[in-house]
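One file, entry-v8.csv, carrying CSV, C-alpha atoms and all ligand atoms:
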```csv
chain,number,residue,atom,x,y,z
A,6,MET,CA,4.7,-15.1,-24.7
A,7,GLU,CA,7.1,-17.0,-22.4
A,8,ARG,CA,5.5,-17.6,-19.0
A,9,ILE,CA,7.3,-15.9,-16.1
A,10,LYS,CA,8.8,-18.4,-13.6
A,11,THR,CA,11.1,-15.8,-12.0
A,12,LEU,CA,11.5,-12.1,-12.4
A,13,GLU,CA,14.5,-10.3,-10.8
A,14,MET,CA,15.4,-6.7,-10.6
A,15,ARG,CA,19.0,-6.5,-9.5
A,16,GLY,CA,20.6,-3.3,-8.3
A,17,VAL,CA,18.3,-1.3,-10.6
A,18,THR,CA,19.3,2.4,-10.4
A,19,ARG,CA,17.8,5.3,-12.3
A,20,ARG,CA,19.1,8.8,-12.3
A,21,PHE,CA,17.6,11.9,-13.8
A,22,GLY,CA,20.5,14.3,-14.2
A,23,THR,CA,22.2,14.5,-10.8
A,24,ALA,CA,19.1,13.2,-8.9
A,25,THR,CA,18.7,9.5,-8.2
A,26,ALA,CA,15.0,8.5,-8.3
A,27,LEU,CA,15.8,4.8,-7.7
A,28,HIS,CA,18.7,3.5,-5.7
A,29,SER,CA,19.9,0.0,-6.3
A,30,PHE,CA,16.5,-1.6,-6.3
A,31,ASN,CA,16.3,-5.3,-5.8
A,32,LEU,CA,13.1,-7.4,-6.2
A,33,THR,CA,12.6,-11.1,-6.9
A,34,MET,CA,9.2,-12.4,-7.9
A,35,GLU,CA,8.0,-15.9,-8.6
A,36,GLY,CA,5.5,-16.4,-11.5
A,37,GLY,CA,1.9,-15.8,-10.4
A,38,MET,CA,2.9,-13.5,-7.5
A,39,PHE,CA,1.0,-10.2,-6.8
A,40,VAL,CA,3.5,-7.6,-5.5
A,41,SER,CA,2.7,-4.0,-4.6
A,42,LEU,CA,5.0,-1.0,-4.5
A,43,LEU,CA,3.7,1.3,-1.8
A,44,GLY,CA,4.8,4.7,-0.8
A,45,PRO,CA,4.1,8.4,-0.9
A,46,SER,CA,4.3,10.6,-4.0
A,47,GLY,CA,7.8,10.9,-5.4
A,48,CYS,CA,9.3,7.9,-3.6
A,49,GLY,CA,10.2,6.2,-6.9
A,50,LYS,CA,7.4,3.7,-7.4
A,51,SER,CA,6.6,4.6,-11.0
A,52,THR,CA,10.3,4.9,-11.8
A,53,ALA,CA,10.7,1.2,-10.7
A,54,LEU,CA,7.7,0.1,-12.7
A,55,ASN,CA,8.7,2.0,-15.8
A,56,CYS,CA,12.3,0.6,-15.6
A,57,LEU,CA,10.8,-2.9,-15.5
A,58,ALA,CA,8.4,-2.1,-18.4
A,59,GLY,CA,11.2,-0.8,-20.5
A,60,LEU,CA,9.8,2.7,-20.7
A,61,LEU,CA,12.9,4.0,-18.9
A,62,ASP,CA,16.5,3.0,-19.5
A,63,LEU,CA,18.4,1.9,-16.4
A,64,SER,CA,21.4,3.9,-15.2
A,65,GLU,CA,22.7,0.7,-13.6
A,66,GLY,CA,21.5,-2.8,-12.8
A,67,GLN,CA,19.8,-5.7,-14.5
A,68,ILE,CA,16.4,-7.1,-15.1
A,69,LEU,CA,16.2,-10.9,-15.5
A,70,VAL,CA,13.2,-12.8,-16.7
A,71,ASN,CA,13.6,-16.6,-16.2
A,72,GLY,CA,17.3,-15.9,-15.7
A,73,LYS,CA,17.7,-14.0,-19.0
A,74,PRO,CA,18.6,-10.3,-19.0
A,75,VAL,CA,15.9,-8.1,-20.6
A,76,GLN,CA,17.1,-4.6,-19.7
A,77,ASN,CA,18.1,-4.0,-23.3
A,78,VAL,CA,14.9,-5.5,-24.8
A,79,PRO,CA,12.6,-2.7,-26.1
A,80,ALA,CA,9.3,-2.3,-24.1
A,81,GLU,CA,7.1,-3.7,-26.9
A,82,LYS,CA,9.2,-6.9,-27.0
A,83,ARG,CA,9.1,-7.6,-23.3
A,84,GLY,CA,5.5,-8.8,-23.5
A,85,PHE,CA,4.4,-7.0,-20.4
A,86,GLY,CA,0.9,-5.4,-20.2
A,87,MET,CA,0.5,-2.0,-18.5
A,88,VAL,CA,-2.5,-0.3,-17.1
A,89,PHE,CA,-2.2,3.4,-16.1
A,90,GLN,CA,-4.2,5.8,-13.9
A,91,ASN,CA,-5.6,7.5,-17.0
A,92,TYR,CA,-7.0,4.6,-18.9
A,93,ALA,CA,-5.8,5.8,-22.3
A,94,LEU,CA,-8.8,4.3,-24.1
A,95,PHE,CA,-9.5,5.2,-27.8
A,96,PRO,CA,-12.5,7.5,-27.6
A,97,HIS,CA,-13.6,6.9,-31.2
A,98,LEU,CA,-13.5,3.1,-31.0
A,99,ASN,CA,-16.3,1.1,-29.3
A,100,VAL,CA,-15.6,-1.2,-26.4
A,101,SER,CA,-15.0,-4.3,-28.6
A,102,ARG,CA,-12.7,-2.4,-31.0
A,103,ASN,CA,-10.8,-1.0,-28.1
A,104,VAL,CA,-10.1,-4.5,-26.9
A,105,ALA,CA,-9.4,-5.9,-30.4
A,106,TYR,CA,-7.2,-3.0,-31.5
A,107,GLY,CA,-3.9,-4.4,-30.1
A,108,MET,CA,-4.5,-7.7,-31.7
A,109,GLU,CA,-5.4,-6.0,-35.1
A,110,ILE,CA,-2.0,-4.3,-35.2
A,111,ARG,CA,-0.3,-7.6,-34.3
A,112,GLY,CA,-2.0,-9.3,-37.2
A,113,VAL,CA,-4.1,-11.8,-35.1
A,114,PRO,CA,-6.7,-13.4,-37.5
A,115,LYS,CA,-10.2,-12.1,-37.3
A,116,ALA,CA,-11.9,-15.2,-35.9
A,117,ASP,CA,-9.2,-15.4,-33.1
A,118,ARG,CA,-9.6,-11.7,-32.4
A,119,GLU,CA,-13.3,-12.0,-32.0
A,120,ARG,CA,-13.1,-15.0,-29.7
A,121,ARG,CA,-10.4,-13.5,-27.5
A,122,THR,CA,-12.2,-10.1,-27.4
A,123,GLN,CA,-15.4,-11.8,-26.2
A,124,LYS,CA,-13.5,-13.8,-23.6
A,125,ALA,CA,-11.7,-10.7,-22.3
A,126,LEU,CA,-15.0,-8.8,-22.0
A,127,ASP,CA,-16.6,-11.7,-20.2
A,128,LEU,CA,-13.7,-11.8,-17.8
A,129,VAL,CA,-14.2,-8.1,-16.8
A,130,HIS,CA,-18.0,-8.4,-16.9
A,131,LEU,CA,-18.4,-6.1,-19.9
A,132,SER,CA,-19.8,-8.5,-22.5
A,133,GLU,CA,-23.1,-6.5,-22.7
A,134,PHE,CA,-21.2,-3.3,-23.5
A,135,GLY,CA,-19.3,-4.2,-26.7
A,136,LYS,CA,-21.1,-1.6,-28.9
A,137,ARG,CA,-20.8,1.3,-26.5
A,138,PHE,CA,-18.1,4.0,-26.7
A,139,PRO,CA,-15.8,4.8,-23.7
A,140,ALA,CA,-17.6,8.1,-23.0
A,141,GLN,CA,-20.8,6.0,-22.4
A,142,LEU,CA,-19.2,4.0,-19.6
A,143,SER,CA,-18.8,4.7,-15.9
A,144,GLY,CA,-15.3,5.2,-14.5
A,145,GLY,CA,-15.2,1.7,-13.1
A,146,GLN,CA,-16.4,0.2,-16.5
A,147,GLN,CA,-13.7,2.3,-18.3
A,148,GLN,CA,-11.1,0.9,-15.9
A,149,ARG,CA,-12.3,-2.7,-16.5
A,150,LEU,CA,-12.1,-2.0,-20.3
A,151,ALA,CA,-8.5,-0.8,-19.8
A,152,LEU,CA,-7.8,-4.1,-18.0
A,153,ALA,CA,-9.5,-6.2,-20.7
A,154,ARG,CA,-7.5,-4.4,-23.4
A,155,THR,CA,-4.3,-5.3,-21.7
A,156,ILE,CA,-5.0,-8.9,-20.7
A,157,VAL,CA,-6.4,-9.8,-24.1
A,158,LEU,CA,-2.8,-9.6,-25.4
A,159,GLU,CA,-2.0,-12.4,-22.9
A,160,PRO,CA,0.9,-10.5,-21.4
A,161,ALA,CA,3.7,-12.4,-19.5
A,162,MET,CA,3.2,-9.9,-16.7
A,163,LEU,CA,0.7,-7.2,-15.7
A,164,LEU,CA,2.0,-3.8,-14.5
A,165,LEU,CA,-0.5,-1.5,-12.9
A,166,ASP,CA,0.3,2.1,-12.0
A,167,GLU,CA,-2.2,3.6,-9.6
A,168,PRO,CA,-5.0,2.1,-11.8
A,169,LEU,CA,-7.8,3.0,-9.3
A,170,SER,CA,-6.8,6.6,-8.3
A,171,ASN,CA,-9.4,8.2,-10.5
A,172,LEU,CA,-12.3,6.2,-9.0
A,173,ASP,CA,-14.5,7.0,-6.0
A,174,THR,CA,-14.1,5.0,-2.8
A,175,LYS,CA,-17.0,2.6,-3.6
A,176,LEU,CA,-15.8,1.8,-7.1
A,177,ARG,CA,-12.2,1.5,-5.9
A,178,ASN,CA,-13.3,-1.2,-3.5
A,179,GLU,CA,-15.2,-3.0,-6.1
A,180,MET,CA,-12.3,-2.8,-8.6
A,181,ARG,CA,-9.9,-4.1,-6.0
A,182,VAL,CA,-12.0,-7.3,-5.8
A,183,GLU,CA,-12.1,-7.4,-9.6
A,184,ILE,CA,-8.4,-7.1,-10.0
A,185,LYS,CA,-7.8,-9.7,-7.3
A,186,ARG,CA,-10.3,-12.1,-9.0
A,187,LEU,CA,-8.7,-11.6,-12.4
A,188,HIS,CA,-5.3,-12.2,-10.9
A,189,GLU,CA,-6.5,-15.4,-9.4
A,190,GLU,CA,-8.3,-16.6,-12.6
A,191,LEU,CA,-5.4,-15.8,-14.9
A,192,ASN,CA,-2.5,-16.5,-12.4
A,193,LEU,CA,-0.8,-13.4,-13.9
A,194,THR,CA,2.4,-12.2,-12.3
A,195,THR,CA,1.4,-8.7,-11.3
A,196,LEU,CA,3.3,-5.6,-10.0
A,197,TYR,CA,1.0,-3.0,-8.7
A,198,VAL,CA,1.9,0.6,-7.8
A,199,THR,CA,-0.1,2.5,-5.2
A,200,HIS,CA,0.1,5.0,-2.4
A,201,ASP,CA,-3.0,3.5,-0.7
A,202,GLN,CA,-2.0,1.1,2.0
A,203,SER,CA,-5.4,-0.7,2.2
A,204,GLU,CA,-5.2,-1.4,-1.6
A,205,ALA,CA,-1.7,-2.9,-1.2
A,206,MET,CA,-2.6,-4.9,1.9
A,207,SER,CA,-5.8,-6.3,0.5
A,208,MET,CA,-4.5,-7.6,-2.8
A,209,SER,CA,-0.8,-8.5,-2.5
A,210,ASP,CA,1.3,-11.5,-1.6
A,211,LEU,CA,4.2,-9.2,-0.9
A,212,VAL,CA,4.2,-5.4,-0.2
A,213,LEU,CA,7.3,-3.3,-0.8
A,214,VAL,CA,7.3,0.0,1.1
A,215,MET,CA,9.4,2.6,-0.6
A,216,ARG,CA,11.0,5.8,0.6
A,217,LEU,CA,13.2,8.3,-1.2
A,218,GLY,CA,14.0,5.8,-4.0
A,219,ARG,CA,14.9,3.0,-1.7
A,220,ILE,CA,13.1,-0.1,-0.3
A,221,GLU,CA,12.2,0.6,3.3
A,222,GLN,CA,10.6,-2.7,4.0
A,223,LEU,CA,9.5,-5.8,2.1
A,224,GLY,CA,7.2,-8.4,3.5
A,225,THR,CA,3.8,-10.0,3.5
A,226,PRO,CA,0.9,-7.7,4.3
A,227,GLN,CA,0.6,-9.3,7.7
A,228,ASP,CA,4.4,-8.7,8.4
A,229,ILE,CA,4.2,-5.1,7.4
A,230,TYR,CA,1.0,-4.5,9.4
A,231,ASN,CA,2.1,-6.3,12.5
A,232,ALA,CA,5.8,-5.5,12.5
A,233,PRO,CA,6.6,-2.3,10.7
A,234,ARG,CA,10.4,-2.0,11.0
A,235,SER,CA,10.6,1.7,11.0
A,236,LEU,CA,8.4,4.6,12.2
A,237,TYR,CA,8.0,5.6,8.5
A,238,VAL,CA,6.4,2.2,7.7
A,239,ALA,CA,4.4,2.3,10.9
A,240,ASP,CA,3.0,5.7,9.9
A,241,PHE,CA,1.9,4.2,6.6
A,242,MET,CA,0.2,1.3,8.4
A,243,GLY,CA,-1.9,3.6,10.5
A,244,TYR,CA,0.1,3.7,13.8
A,245,VAL,CA,-0.8,7.4,14.2
A,246,ASN,CA,-0.7,7.5,18.0
A,247,LYS,CA,2.8,8.4,19.1
A,248,VAL,CA,3.2,8.9,22.8
A,249,GLU,CA,6.5,9.9,24.4
A,250,VAL,CA,7.3,7.4,27.2
A,251,ASP,CA,10.3,6.6,29.4
A,252,VAL,CA,11.9,3.2,29.5
A,253,ALA,CA,11.5,1.6,33.0
A,254,GLY,CA,12.8,-1.9,32.4
A,255,ARG,CA,12.7,-5.0,30.3
A,256,ASP,CA,11.1,-8.4,30.7
A,257,GLY,CA,12.3,-10.8,28.0
A,258,GLU,CA,10.7,-9.6,24.7
A,259,GLU,CA,8.7,-6.9,26.3
A,260,TRP,CA,9.8,-3.5,27.4
A,261,ILE,CA,8.3,-1.8,30.4
A,262,VAL,CA,7.6,1.9,29.8
A,263,GLN,CA,6.2,4.7,31.9
A,264,LEU,CA,4.0,7.6,30.7
A,265,PRO,CA,5.6,10.7,32.3
A,266,GLY,CA,3.2,12.6,34.4
A,267,GLN,CA,0.7,9.8,35.0
A,268,ALA,CA,1.2,7.9,38.2
A,269,GLY,CA,0.8,4.1,37.7
A,270,ALA,CA,0.7,4.4,33.9
A,271,THR,CA,3.2,1.6,33.3
A,272,LEU,CA,2.9,-0.2,30.0
A,273,ARG,CA,4.3,-3.2,28.4
A,274,ALA,CA,5.3,-2.8,24.8
A,275,LYS,CA,7.4,-4.4,22.0
A,276,THR,CA,9.8,-3.2,19.5
A,277,THR,CA,10.3,-4.5,15.9
A,278,LEU,CA,13.8,-3.1,15.8
A,279,ASN,CA,16.6,-5.7,15.9
A,280,GLU,CA,18.9,-3.7,18.1
A,281,ALA,CA,17.2,-1.6,20.6
A,282,ALA,CA,19.7,-0.9,23.3
A,283,TRP,CA,17.7,1.5,25.4
A,284,GLN,CA,18.6,2.2,29.0
A,285,ILE,CA,16.3,2.9,31.9
A,286,GLY,CA,15.2,6.5,31.7
A,287,ASP,CA,15.5,6.8,27.9
A,288,ARG,CA,12.7,8.6,26.3
A,289,VAL,CA,11.1,6.6,23.4
A,290,LEU,CA,8.0,6.7,21.3
A,291,ALA,CA,5.2,4.3,21.9
A,292,CYS,CA,3.0,3.9,18.8
A,293,SER,CA,-0.4,2.3,18.3
A,294,ARG,CA,-3.3,2.3,15.8
A,295,PRO,CA,-6.5,4.0,17.0
A,296,ASP,CA,-8.5,0.9,16.3
A,297,GLU,CA,-6.2,-1.1,18.6
A,298,THR,CA,-6.2,1.6,21.3
A,299,LEU,CA,-9.4,0.6,23.1
A,300,ILE,CA,-11.8,2.1,25.6
A,301,ASP,CA,-14.5,-0.5,25.0
A,302,PRO,CA,-13.9,-3.4,25.0
A,303,LEU,CA,-11.1,-2.5,27.5
A,304,PRO,CA,-8.1,-4.9,27.1
A,305,THR,CA,-7.2,-6.7,30.4
A,306,SER,CA,-4.0,-4.8,31.1
A,307,ASN,CA,-1.8,-2.0,29.8
A,308,HIS,CA,-4.1,0.9,30.8
A,309,LEU,CA,-3.9,4.7,30.6
A,310,ARG,CA,-6.3,7.3,31.9
A,311,GLY,CA,-7.6,10.3,30.0
A,312,THR,CA,-10.4,12.6,29.1
A,313,VAL,CA,-12.4,12.6,25.9
A,314,LYS,CA,-11.9,15.8,23.9
A,315,LEU,CA,-13.6,15.1,20.6
A,316,VAL,CA,-15.8,12.2,19.4
A,317,GLU,CA,-16.4,11.0,15.9
A,318,TYR,CA,-18.9,8.3,15.0
A,319,MET,CA,-17.3,5.7,12.7
A,320,GLY,CA,-20.3,3.4,12.1
A,321,LYS,CA,-18.9,0.3,13.7
A,322,SER,CA,-17.5,2.2,16.7
A,323,PHE,CA,-16.8,5.7,18.2
A,324,GLU,CA,-13.4,7.3,17.8
A,325,GLY,CA,-12.3,9.6,20.5
A,326,LEU,CA,-9.5,12.1,20.8
A,327,ILE,CA,-8.2,11.5,24.3
A,328,GLN,CA,-6.2,13.9,26.4
A,329,LEU,CA,-3.9,11.6,28.5
A,330,GLU,CA,-4.1,12.5,32.2
A,331,GLY,CA,-1.1,14.3,33.6
A,332,THR,CA,0.4,15.2,30.2
A,333,GLN,CA,-0.2,17.3,27.2
A,334,GLN,CA,-0.2,14.2,25.0
A,335,GLN,CA,-3.2,12.9,23.1
A,336,VAL,CA,-4.2,9.7,21.4
A,337,MET,CA,-7.1,8.5,19.3
A,338,ALA,CA,-9.0,5.5,20.7
A,339,HIS,CA,-12.0,3.4,19.8
A,340,SER,CA,-15.0,2.5,21.8
A,341,GLN,CA,-18.0,0.3,21.0
A,342,GLN,CA,-20.0,2.3,23.6
A,343,PRO,CA,-20.8,6.0,22.8
A,344,LEU,CA,-18.3,8.6,24.2
A,345,GLU,CA,-19.0,12.1,25.4
A,346,ASN,CA,-16.8,15.2,25.5
A,347,GLY,CA,-15.3,15.6,28.9
A,348,GLN,CA,-15.9,12.0,29.9
A,349,ARG,CA,-13.0,10.4,31.9
A,350,VAL,CA,-12.0,7.1,30.4
A,351,GLU,CA,-9.5,4.3,30.8
A,352,LEU,CA,-8.0,2.9,27.6
A,353,GLY,CA,-5.8,-0.1,26.9
A,354,ILE,CA,-3.5,-1.4,24.2
A,355,ARG,CA,-2.3,-5.0,24.0
A,356,PRO,CA,1.4,-5.1,24.6
A,357,GLU,CA,2.1,-6.7,21.2
A,358,ARG,CA,0.2,-3.9,19.5
A,359,LEU,CA,2.2,-1.1,21.2
A,360,LEU,CA,5.4,-0.6,19.3
A,361,LEU,CA,8.4,1.3,20.5
A,362,PHE,CA,10.6,3.4,18.2
A,363,PRO,CA,13.5,5.8,19.1
A,364,MET,CA,12.6,9.5,19.5
A,365,ASP,CA,14.9,10.4,16.6
A,366,ALA,CA,12.9,8.2,14.2
A,367,ILE,CA,10.3,10.8,14.1
A,368,ALA,CA,12.4,13.2,12.0
A,369,GLY,CA,12.6,10.7,9.2
A,370,ALA,CA,9.1,9.5,9.2
A,371,GLY,CA,7.1,11.4,6.6
A,372,LYS,CA,3.3,11.3,6.9
A,373,PRO,CA,1.6,9.1,4.3
A,374,GLY,CA,0.7,11.4,1.4
A,375,MET,CA,3.6,13.8,2.0
A,376,ALA,CA,7.1,13.7,0.5
A,377,ALA,CA,9.0,11.3,2.7
A,378,GLY,CA,11.3,13.0,5.2
A,379,SER,CA,10.0,16.4,4.4
A,380,ALA,CA,8.1,17.0,7.6
A,381,ALA,CA,8.6,15.7,11.1
A,382,ALA,CA,5.5,13.9,12.3
A,383,GLU,CA,4.0,15.4,15.4
A,384,PRO,CA,4.1,13.2,18.5
A,385,ALA,CA,0.8,12.2,19.8
A,386,LEU,CA,-1.2,14.8,17.9
A,387,LYS,CA,0.2,17.2,20.4
A,388,GLY,CA,-1.5,20.6,20.7
A,389,GLN,CA,-4.6,19.6,18.6
A,390,ALA,CA,-8.0,20.3,19.9
A,391,GLY,CA,-6.7,20.5,23.5
B,1,LIG,P1,3.7,9.4,-7.7
B,1,LIG,O1,3.0,8.6,-6.8
B,1,LIG,O2,3.5,10.9,-7.5
B,1,LIG,O3,3.6,9.0,-9.1
B,1,LIG,P2,6.2,8.0,-7.5
B,1,LIG,O4,6.5,7.3,-6.2
B,1,LIG,O5,5.7,7.1,-8.6
B,1,LIG,O6,5.3,9.2,-7.3
B,1,LIG,P3,8.3,8.7,-9.4
B,1,LIG,O7,7.4,9.2,-10.4
B,1,LIG,O8,9.0,7.4,-9.6
B,1,LIG,O9,7.6,8.7,-8.0
B,1,LIG,O10,9.4,9.8,-9.1
B,1,LIG,C1,10.5,9.6,-8.3
B,1,LIG,C2,11.4,10.8,-8.3
B,1,LIG,O11,12.0,11.0,-9.6
B,1,LIG,C3,10.7,12.1,-8.0
B,1,LIG,O12,11.5,13.0,-7.2
B,1,LIG,C4,10.5,12.7,-9.4
B,1,LIG,O13,10.4,14.1,-9.4
B,1,LIG,C5,11.7,12.2,-10.1
B,1,LIG,N1,11.4,12.1,-11.6
B,1,LIG,C6,10.6,11.2,-12.1
B,1,LIG,N2,10.6,11.3,-13.5
B,1,LIG,C7,11.5,12.3,-13.8
B,1,LIG,C8,12.0,12.8,-15.0
B,1,LIG,N3,11.5,12.4,-16.2
B,1,LIG,N4,12.9,13.8,-14.9
B,1,LIG,C9,13.4,14.2,-13.7
B,1,LIG,N5,13.0,13.7,-12.5
B,1,LIG,C10,12.0,12.8,-12.6
```
Translate the structure described by the file into structure tokens.
Amino acid sequence: MERIKTLEMRGVTRRFGTATALHSFNLTMEGGMFVSLLGPSGCGKSTALNCLAGLLDLSEGQILVNGKPVQNVPAEKRGFGMVFQNYALFPHLNVSRNVAYGMEIRGVPKADRERRTQKALDLVHLSEFGKRFPAQLSGGQQQRLALARTIVLEPAMLLLDEPLSNLDTKLRNEMRVEIKRLHEELNLTTLYVTHDQSEAMSMSDLVLVMRLGRIEQLGTPQDIYNAPRSLYVADFMGYVNKVEVDVAGRDGEEWIVQLPGQAGATLRAKTTLNEAAWQIGDRVLACSRPDETLIDPLPTSNHLRGTVKLVEYMGKSFEGLIQLEGTQQQVMAHSQQPLENGQRVELGIRPERLLLFPMDAIAGAGKPGMAAGSAAAEPALKGQAG
């Protein structure tokens, strides 16, 4: 199979009847890259993957492998390997035969088949299980078998569609490491579909966040985590604290904002938006992650006061729901020290970790796990447990 040096999806559009599931999708990957498509159910991730795989025809656009168009090449001739959420193993074939089957129908000689089967099983740490049947394997082992069966065919590219969704959290975490290890050992160009931000962040060179069939943001995991360019992406990255504040000024890169109702609660914050032309007095949303909204250790500046309403023990720290003094707004914050209901606390957020978005952004930001744009996210967990 020709090795992938570059893969390009150019203006790929896919319509189903009058509905467009994928709008002019562009992606360029270099050989060996690991790219994740991340987004909630229905945002078009699988459509993009299936267009690339050749399982869906394109309504418009082009797919180029090493500069050559492949959009009219049938799926089986593209040389891509796919792994799906339901492993699609053959229940009546043992582990070794499951792996060897694809080579059998391609006429690979027996000795080669056996050698490659053994190597693939070694790679996924299943060499001891060759004689077992799929039903005698755990979920994680079945998923590893599905991977072995795909990589044994030496695909030019690996396409994975939510491969870990059927596994419990512990196995998912283990399999993440396995997939990353395999990717590094084989240097296989990989496109991975998931709705789980931590999966996408932990494995990828690039993450592409999708919304309603379009690309919302493309960047390295660090870019997307540190500088989400919309409230929708921020939501996905765990910026669940959304506090309404008023613009009070600007100091270079930083904006000065004031929490209405709380005297002295002046905060410094940033925005990731290119053109934020806010005026003094404008109401905006200040967003932060609970684990970066800290009671203990308390950051040196950027403080707010509040009262603990609920406490949850998280293992490494305590997470509190904090009613902000002088307002109805609430945030989640972390503390290394135990918290108690009713306790008055000070919390702080480093200015570069407090991101500002316009108020109207909230209408377009679906919560992770919900259809994008279908529900307005609630500012600052308003009205909960208060
Ligand atoms: P999930 O995570 O739930 O698999 P997804 O992000 O992969 O979601 P897609 O499966 O790509 O989303 O679907 C994108 C949109 O296209 C959805 O609105 C879906 O209902 C629609 N769609 C997908 N396949 C078809 C089809 N065969 N016929 C009609 N509409 C379809």
Give as an MDAnalysis selection string the residues surrounding ligand LIG 1 (chain B) up to a distance of 10 Å, considering only C-alpha atoms and all ligand atoms.
-> chainID A and resid 19:27 42:56 61 90 166:167 198:201 215:218 374:376
Would you list the contacts of region 281-294 of chain A as JSON, numbers by chain, taking every protein, DNA or RNA residue within 10 Å and counting all atoms listed in the file, but skipping same-chain residues closer than 4 positions in sequence?
-> {"A": [236, 239, 240, 242, 243, 244, 245, 246, 247, 248, 249, 250, 251, 252, 253, 254, 255, 260, 261, 262, 263, 264, 265, 272, 273, 274, 275, 276, 277, 298, 299, 336, 337, 338, 339, 354, 355, 356, 357, 358, 359, 360, 361, 362, 363, 364, 365, 366, 367, 384, 385]}
Within 12 Å of Leu142 (chain A) using all atoms listed in the file, minus same-chain residues under 5 positions, as a list in words | Leu94, Pro96, Asn99, Val100, Leu131, Glu133, Phe134, Gly135, Lys136, Arg137, Gln147, Gln148, Arg149, Leu150 and Ala151 of chain A
Using only C-alpha atoms, which of A:Glu317, A:Asp173, A:Glu183, A:Glu159 sits nearest Gly144 (chain A)?
-> A:Asp173
So how far away is CA of Phe89 (chain A) from CA of Asn171 (chain A), in Å?
->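 That distance, rounded to one decimal, is 10.3 Å.
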Distance query Ala153 (chain A) at most 8 Å, all atoms listed in the file, self and fewer than 6 positions along chain excluded, as a list in words | Val104, Ala125, Leu126, Leu128 and Val129 of chain A
Might you pull out every residue within 6 Å of Ile68 (chain A), with all atoms listed in the file counted and same-chain residues fewer than 4 positions away left off, and present them as a PyMOL selection string?
-> chain A and resi 13-14+74-76
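Counting only C-alpha atoms and comparing A:Thr312, A:Leu158, A:Leu223, A:Leu60, the residue that lies closest to Gly112 (chain A) is A:Leu158.
Note that CA of Leu152 (chain A) and CA of Thr122 (chain A) are 12.0 Å apart.
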Work out how far CA of Leu172 (chain A) is from CA of Glu221 (chain A), in Å to one decimal.
->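 Separation between CA of Glu221 (chain A) and CA of Leu172 (chain A): 28.0 Å.
With all atoms listed in the file taken into account, every residue lying no more than 10 Å from the file point (-15.9, 13.7, 22.2) is included here: Thr312, Val313, Lys314, Leu315, Val316, Glu317, Tyr318, Phe323, Glu324, Gly325, Leu326, Ile327, Pro343, Leu344, Glu345, Asn346, Gly347 and Gln348 of chain A.
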Selection to disk with C-alpha atoms, as a compact mmCIF listing (two decimals), in the coordinates of the input:
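Saved the output as again-v5.txt:
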```txt
# COMPACT_ATOMS: atom_id res chain seq x y z
CA THR A 312 -10.40 12.60 29.10
CA VAL A 313 -12.40 12.60 25.90
CA LYS A 314 -11.90 15.80 23.90
CA LEU A 315 -13.60 15.10 20.60
CA VAL A 316 -15.80 12.20 19.40
CA GLU A 317 -16.40 11.00 15.90
CA TYR A 318 -18.90 8.30 15.00
CA PHE A 323 -16.80 5.70 18.20
CA GLU A 324 -13.40 7.30 17.80
CA GLY A 325 -12.30 9.60 20.50
CA LEU A 326 -9.50 12.10 20.80
CA ILE A 327 -8.20 11.50 24.30
CA PRO A 343 -20.80 6.00 22.80
CA LEU A 344 -18.30 8.60 24.20
CA GLU A 345 -19.00 12.10 25.40
CA ASN A 346 -16.80 15.20 25.50
CA GLY A 347 -15.30 15.60 28.90
CA GLN A 348 -15.90 12.00 29.90
```
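Take the candidates A:Phe30, A:Tyr106, A:Tyr197, A:Phe95 and check each one against Ile184 (chain A) using only C-alpha atoms; the shortest distance goes to A:Tyr197.
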